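Peer 1: Have a look at the structure that comes next, please.
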Amino acid sequence: MAASLDDDVDFNNQDYYSLLNVRKEATLEELKASYRRLCMLYHPDKHRDPELKRQAEQLFNQVHQAFEVLSDPHARAIYDLFGKKGLEVEGWEVVERKRTPAEIREEYERLQREREERRLQQRTNPKGTISVGVDATDLFDRYDEDFEEMPGGGFPHIEMNKMHISQSIEAPLTSSDTAVLSGSLSTHNGTGGGNINLTVRRVMSAKGWGEVEFGAGDILGPLIGFKVFRNVTQRCFLTAQCGLQFSPRGLRPSCSLMTARHLDQNTMGYLQWRWGPNSAMTTSVVRDTKSSHFTLAVQLGVPHSYLMMSYQYKFQDEDQTKVKGSVKTGWFGTVLEYGAERKISRHSVLSATVSVGVPQGVTLKIKLARASQTYLFPVHLTDQLLPSAVFYATAGPLLVYLAVHKLVIVPYTRAQKEEELELQRKSSATDIAKKKQEAESAVLLMQESVRRIIEAEESKMGLIILNAWYGTFVSDTSQKQEKAKVIDVTVPLQCLVKDSKLILTEASKAGLPGFYDPCVGEEKSLKLLYQFRGVMHQVISADTEPLRIPKQSHRIETES
């Protein structure tokens, strides 16, 4: 059976083929024959004891559910591709039943996306950014020849001179309408302000959406704006935006238009025009592949025109490490930036960038992104191009990261993994105990049938299962250690004997009635000792290996 899209072990995702002991290619007649036999074995009306009757009902229902799925070609195709989880996805009832496996897979992925979208619509999806600007120029400027030391101490003066906080939440109104409430606060050298915005977005079709924005604040005044997105073709889209700001100096209209086009599978081309306080025309080309990201942009405008080029290399490692560099030059000067980014935990990404510019000086930018929250720490080191500032801005964060990674991050992630493994072990133990109880119940229900089968086989010197063990057999001769990893399946296998034959399919034997997996994740096998025509036979079969007995090659040769 094809694996489900989820990689986690699912103990409740029972193998229907193994439960019915049929091949994956089994015909409807083979399914019916196996179903009738198991129904006779597990039918609740055959048992008077209340506990046995309850256990029989549970097993009978499992067999019935397996037959219902495998006897329906549409449900069977879904099960073969995605397992039991695939059948639980809402929406299959409205899907055309005559579909190919490729069409079923595509439909499943669509239904999964719709389910994820419904989940997202139930959340507020909060996003936030906190930026703290640090002025550390006193660390390096004090060594400049023109520096005049302030009276009152010899320690460098480091201060937080600016801060910015922004937050937004989403609220789905209908299936096509979403409201976004956002706000921000900013302060710089003791002065600042804030604003609040409300945006309502409507998805008009699969090709486009539109939104209206209302804003107010004590910095620029009230704002009203409109934005429209439209897919023009499969490879081209268009975004138009206009706004009206009610500032203390009067009305300030603005407008922008951007068009983008797929140049090839990994390359996008953008052309943007802006009119307003910062009018400009910008064109850019962005190429994004599995191993790299490249951007080239040119802007002509008032007051700034510039040329920018950036490159990012993506390492194919577990931590998703990236190194990047960029250069930007224009009327404002020239800025060179380089840095690195790395995933430090499941939901956290840390990056550091060194910015060296004329006349901007040297700045170290540290960024921590955790889930939907972003924390920025730009540290301005000097207004001059000092080699010492560039060196410490490069080597300092690297040394600190290596130390923190070894002393904090590695022990923390190791402890997290150990905790997760312990939870998995506990969950596995619980599931194994449940499967064990179900298997023991099935064996109790088989006793009467097995007694009759043995009597019939003995009368014609047929097939008798003397001993059967299933699980992981270790090389250690300690019986205690071996029995801890295997289970006795003599009764379940004898129950499957028909006309002096036992046939097992290629499905995992852990799903057979009366079986369970005693050692999840380990390689398992089946060891049988049986008698046929009065002669002893022995065989060891791999877990997913088909088995048919009796067989002459299994015969145990006796010494004369």
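Ligands are numbered from 1 in the order shown, chains are lettered A, B, ... in the order of the structure tokens, and residues start at 1 in each chain.
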Residues near Val354 of chain A, anyone? I mean within 6 Å using only C-alpha atoms, not counting same-chain ones fewer than 4 positions away, as JSON, numbers by chain.

Peer 2: {"A": [337, 338, 363, 364]}

Peer 1: Which residues come within 8 Å of Leu504 of chain A, counting only C-alpha atoms, excluding same-chain residues fewer than 4 positions away, as a count of residues only?

Peer 2: 5

Peer 1: Which one of A:Arg252, A:Lys328, A:Lys509, A:Lys551 sits closest to Asp15 of chain A if you count only C-alpha atoms?

Peer 2: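 Closest to Asp15 of chain A of all the choices is A:Lys509.
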
Peer 1: Hey, what's within 12 Å of Val63 of chain A if we count only C-alpha atoms and toss same-chain stuff fewer than 5 positions away? As a PyMOL selection string, please?

Peer 2: chain A and resi 14-21+31-32+34-43+56-58+68-71+442+511-513

Peer 1: Could you list, as a list in words, every residue within 6 Å of segment 158-160 of chain A, counting only C-alpha atoms and ignoring same-chain residues fewer than 4 positions away?

Peer 2: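 Here the qualifying residues turn out to be Gly133, Val134, Asp135 and Ala136 of chain A.
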
Peer 1: Determine, counting only C-alpha atoms, which protein, DNA and RNA residues have an atom within 12 Å of an atom of Ile196 of chain A; residues of the same chain fewer than 5 positions away are not included. Present the result as a VMD selection string.

Peer 2: chain A and resid 165 to 169 180 to 185 213 to 224

Peer 1: For the residues selected in the previous step, produce a file with N, CA and C atoms as a compact mmCIF listing (two decimals), in the first residue's frame.

Peer 2:
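Below is the file part.txt, written as the result:
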```txt
# COMPACT_ATOMS: atom_id res chain seq x y z
N ILE A 165 7.74 48.80 16.98
CA ILE A 165 6.93 47.61 17.29
C ILE A 165 5.71 47.62 16.38
N SER A 166 5.47 46.51 15.71
CA SER A 166 4.28 46.38 14.86
C SER A 166 3.64 45.02 15.09
N GLN A 167 2.32 44.96 14.96
CA GLN A 167 1.59 43.73 15.19
C GLN A 167 0.36 43.71 14.30
N SER A 168 -0.01 42.54 13.81
CA SER A 168 -1.22 42.41 12.99
C SER A 168 -1.91 41.09 13.29
N ILE A 169 -3.24 41.08 13.16
CA ILE A 169 -4.03 39.87 13.31
C ILE A 169 -5.05 39.81 12.18
N VAL A 180 -7.99 42.47 8.34
CA VAL A 180 -6.67 42.50 8.97
C VAL A 180 -6.55 43.78 9.76
N LEU A 181 -6.27 43.64 11.05
CA LEU A 181 -6.07 44.80 11.93
C LEU A 181 -4.60 44.86 12.30
N SER A 182 -3.96 46.00 12.04
CA SER A 182 -2.53 46.14 12.32
C SER A 182 -2.26 47.49 12.97
N GLY A 183 -1.17 47.53 13.69
CA GLY A 183 -0.77 48.77 14.35
C GLY A 183 0.72 48.79 14.57
N SER A 184 1.26 49.98 14.79
CA SER A 184 2.71 50.11 15.01
C SER A 184 3.00 51.31 15.89
N LEU A 185 4.10 51.20 16.61
CA LEU A 185 4.62 52.29 17.45
C LEU A 185 6.09 52.47 17.13
N GLU A 213 -8.18 49.84 2.48
CA GLU A 213 -7.44 50.08 3.71
C GLU A 213 -7.81 51.43 4.30
N PHE A 214 -8.00 51.42 5.62
CA PHE A 214 -8.26 52.65 6.37
C PHE A 214 -7.20 52.75 7.46
N GLY A 215 -6.61 53.95 7.60
CA GLY A 215 -5.57 54.12 8.60
C GLY A 215 -5.66 55.45 9.30
N ALA A 216 -5.12 55.50 10.50
CA ALA A 216 -5.09 56.74 11.29
C ALA A 216 -3.86 56.69 12.18
N GLY A 217 -3.29 57.87 12.45
CA GLY A 217 -2.13 57.94 13.32
C GLY A 217 -1.72 59.37 13.57
N ASP A 218 -0.76 59.54 14.47
CA ASP A 218 -0.33 60.89 14.82
C ASP A 218 0.93 61.32 14.07
N ILE A 219 1.32 60.54 13.04
CA ILE A 219 2.53 60.89 12.29
C ILE A 219 2.17 61.55 10.97
N LEU A 220 1.41 60.83 10.14
CA LEU A 220 1.08 61.35 8.81
C LEU A 220 -0.39 61.68 8.65
N GLY A 221 -1.24 61.28 9.59
CA GLY A 221 -2.66 61.58 9.47
C GLY A 221 -3.46 60.43 8.90
N PRO A 222 -4.78 60.60 8.75
CA PRO A 222 -5.65 59.55 8.23
C PRO A 222 -5.27 59.14 6.81
N LEU A 223 -5.61 57.86 6.49
CA LEU A 223 -5.26 57.30 5.19
C LEU A 223 -6.41 56.44 4.68
N ILE A 224 -6.67 56.50 3.40
CA ILE A 224 -7.58 55.59 2.73
C ILE A 224 -6.90 55.11 1.46
```

Peer 1: Just give me the gap between atom CA of Ala206 of chain A and atom CA of Lys290 of chain A in Å, one decimal is fine.

Peer 2: 27.4 Å

Peer 1: For Ala433 of chain A, which residue out of A:Ile366, A:Leu407, A:Met258, A:Cys519 is the nearest one, using only C-alpha atoms?

Peer 2: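 The answer is A:Cys519, which sits nearest to Ala433 of chain A.
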
Peer 1: Quick one: residues within 12 Å of Val228 of chain A, only C-alpha atoms counted, chain neighbours fewer than 6 positions away excluded, as a ChimeraX atom specification?

Peer 2: /A:200-204,207-213,237-242,255-259

Peer 1: Selected residues, N, CA, C and O atoms, written as a JSON list (two decimals), in the first residue's frame, please.

Peer 2:
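The new file result-v3.json reads:
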```
[["chain", "number", "residue", "atom", "x", "y", "z"],
["A", 200, "VAL", "N", -9.61, 45.34, 4.67],
["A", 200, "VAL", "CA", -10.61, 44.31, 4.35],
["A", 200, "VAL", "C", -10.32, 43.81, 2.95],
["A", 200, "VAL", "O", -10.30, 44.59, 1.99],
["A", 201, "ARG", "N", -10.07, 42.49, 2.85],
["A", 201, "ARG", "CA", -9.73, 41.89, 1.56],
["A", 201, "ARG", "C", -10.84, 40.94, 1.11],
["A", 201, "ARG", "O", -11.36, 40.17, 1.90],
["A", 202, "ARG", "N", -11.15, 41.00, -0.17],
["A", 202, "ARG", "CA", -12.13, 40.09, -0.75],
["A", 202, "ARG", "C", -11.50, 39.35, -1.93],
["A", 202, "ARG", "O", -10.96, 39.98, -2.85],
["A", 203, "VAL", "N", -11.60, 38.03, -1.89],
["A", 203, "VAL", "CA", -11.15, 37.20, -3.02],
["A", 203, "VAL", "C", -12.31, 37.10, -3.99],
["A", 203, "VAL", "O", -13.33, 36.47, -3.70],
["A", 204, "MET", "N", -12.16, 37.71, -5.14],
["A", 204, "MET", "CA", -13.26, 37.77, -6.10],
["A", 204, "MET", "C", -13.32, 36.54, -6.99],
["A", 204, "MET", "O", -14.39, 36.14, -7.44],
["A", 207, "LYS", "N", -8.55, 34.20, -9.91],
["A", 207, "LYS", "CA", -7.59, 35.03, -10.63],
["A", 207, "LYS", "C", -7.29, 36.36, -9.96],
["A", 207, "LYS", "O", -6.36, 37.06, -10.37],
["A", 208, "GLY", "N", -8.05, 36.75, -8.94],
["A", 208, "GLY", "CA", -7.79, 38.06, -8.39],
["A", 208, "GLY", "C", -8.48, 38.35, -7.08],
["A", 208, "GLY", "O", -9.38, 37.63, -6.66],
["A", 209, "TRP", "N", -8.02, 39.40, -6.43],
["A", 209, "TRP", "CA", -8.61, 39.88, -5.18],
["A", 209, "TRP", "C", -8.44, 41.39, -5.10],
["A", 209, "TRP", "O", -7.66, 41.99, -5.83],
["A", 210, "GLY", "N", -9.20, 41.99, -4.21],
["A", 210, "GLY", "CA", -9.10, 43.43, -3.99],
["A", 210, "GLY", "C", -9.21, 43.73, -2.51],
["A", 210, "GLY", "O", -9.79, 42.94, -1.75],
["A", 211, "GLU", "N", -8.65, 44.85, -2.09],
["A", 211, "GLU", "CA", -8.73, 45.21, -0.68],
["A", 211, "GLU", "C", -8.81, 46.74, -0.53],
["A", 211, "GLU", "O", -8.36, 47.49, -1.40],
["A", 212, "VAL", "N", -9.42, 47.14, 0.58],
["A", 212, "VAL", "CA", -9.53, 48.55, 0.93],
["A", 212, "VAL", "C", -8.91, 48.74, 2.30],
["A", 212, "VAL", "O", -9.06, 47.90, 3.19],
["A", 213, "GLU", "N", -8.18, 49.84, 2.48],
["A", 213, "GLU", "CA", -7.44, 50.08, 3.71],
["A", 213, "GLU", "C", -7.81, 51.43, 4.30],
["A", 213, "GLU", "O", -7.93, 52.43, 3.59],
["A", 237, "PHE", "N", 1.10, 38.54, -13.79],
["A", 237, "PHE", "CA", 0.09, 39.13, -12.90],
["A", 237, "PHE", "C", 0.34, 40.62, -12.75],
["A", 237, "PHE", "O", 1.43, 41.13, -13.05],
["A", 238, "LEU", "N", -0.68, 41.32, -12.25],
["A", 238, "LEU", "CA", -0.66, 42.78, -12.17],
["A", 238, "LEU", "C", -1.18, 43.21, -10.80],
["A", 238, "LEU", "O", -2.15, 42.65, -10.30],
["A", 239, "THR", "N", -0.54, 44.21, -10.21],
["A", 239, "THR", "CA", -0.98, 44.78, -8.94],
["A", 239, "THR", "C", -1.07, 46.29, -9.08],
["A", 239, "THR", "O", -0.11, 46.94, -9.51],
["A", 240, "ALA", "N", -2.23, 46.85, -8.72],
["A", 240, "ALA", "CA", -2.43, 48.31, -8.78],
["A", 240, "ALA", "C", -2.85, 48.80, -7.40],
["A", 240, "ALA", "O", -3.64, 48.14, -6.70],
["A", 241, "GLN", "N", -2.33, 49.96, -7.01],
["A", 241, "GLN", "CA", -2.61, 50.50, -5.68],
["A", 241, "GLN", "C", -2.69, 52.02, -5.74],
["A", 241, "GLN", "O", -1.90, 52.67, -6.44],
["A", 242, "CYS", "N", -3.66, 52.59, -5.03],
["A", 242, "CYS", "CA", -3.73, 54.04, -4.93],
["A", 242, "CYS", "C", -4.16, 54.40, -3.52],
["A", 242, "CYS", "O", -4.84, 53.63, -2.83],
["A", 255, "CYS", "N", 0.13, 56.66, -5.97],
["A", 255, "CYS", "CA", -0.35, 55.61, -6.87],
["A", 255, "CYS", "C", 0.84, 54.74, -7.26],
["A", 255, "CYS", "O", 1.97, 55.23, -7.39],
["A", 256, "SER", "N", 0.59, 53.45, -7.43],
["A", 256, "SER", "CA", 1.65, 52.55, -7.88],
["A", 256, "SER", "C", 1.05, 51.45, -8.74],
["A", 256, "SER", "O", -0.11, 51.06, -8.58],
["A", 257, "LEU", "N", 1.87, 50.95, -9.65],
["A", 257, "LEU", "CA", 1.46, 49.90, -10.56],
["A", 257, "LEU", "C", 2.64, 48.95, -10.74],
["A", 257, "LEU", "O", 3.75, 49.39, -11.03],
["A", 258, "MET", "N", 2.39, 47.66, -10.56],
["A", 258, "MET", "CA", 3.46, 46.68, -10.71],
["A", 258, "MET", "C", 2.97, 45.52, -11.56],
["A", 258, "MET", "O", 1.86, 45.01, -11.38],
["A", 259, "THR", "N", 3.81, 45.10, -12.49],
["A", 259, "THR", "CA", 3.52, 43.93, -13.29],
["A", 259, "THR", "C", 4.69, 42.97, -13.18],
["A", 259, "THR", "O", 5.85, 43.38, -13.06]]
```

Peer 1: Might you pull out every residue within 7 Å of Met461 of chain A, with only C-alpha atoms counted and same-chain residues fewer than 3 positions away left off, and present them as a list in words?

Peer 2: Glu457, Glu458, Phe532, Arg533 and Gly534 of chain A

Peer 1: Show me a table, sorted first by chain and then by increasing residue number, of the residues of segment 304-379 of chain A having an atom at most 12 Å from segment 264-285 of chain A, each with its shortest atom pair and the distance in Å to one decimal, counting only C-alpha atoms and written as a Markdown table.

Peer 2:
```
| residue | atom | partner | partner_atom | distance |
| --- | --- | --- | --- | --- |
| A:His304 | CA | A:Ala280 | CA | 8.1 |
| A:Ser305 | CA | A:Ala280 | CA | 8.0 |
| A:Tyr306 | CA | A:Thr282 | CA | 9.4 |
| A:Leu307 | CA | A:Thr282 | CA | 9.8 |
| A:Met308 | CA | A:Ser284 | CA | 9.1 |
| A:Met309 | CA | A:Ser284 | CA | 9.5 |
| A:Ser310 | CA | A:Val285 | CA | 10.8 |
| A:Tyr311 | CA | A:Val285 | CA | 12.0 |
```

Peer 1: What does the distance between atom CA of His164 of chain A and atom CA of Leu376 of chain A come to in Å, to one decimal place?

Peer 2: 9.3 Å
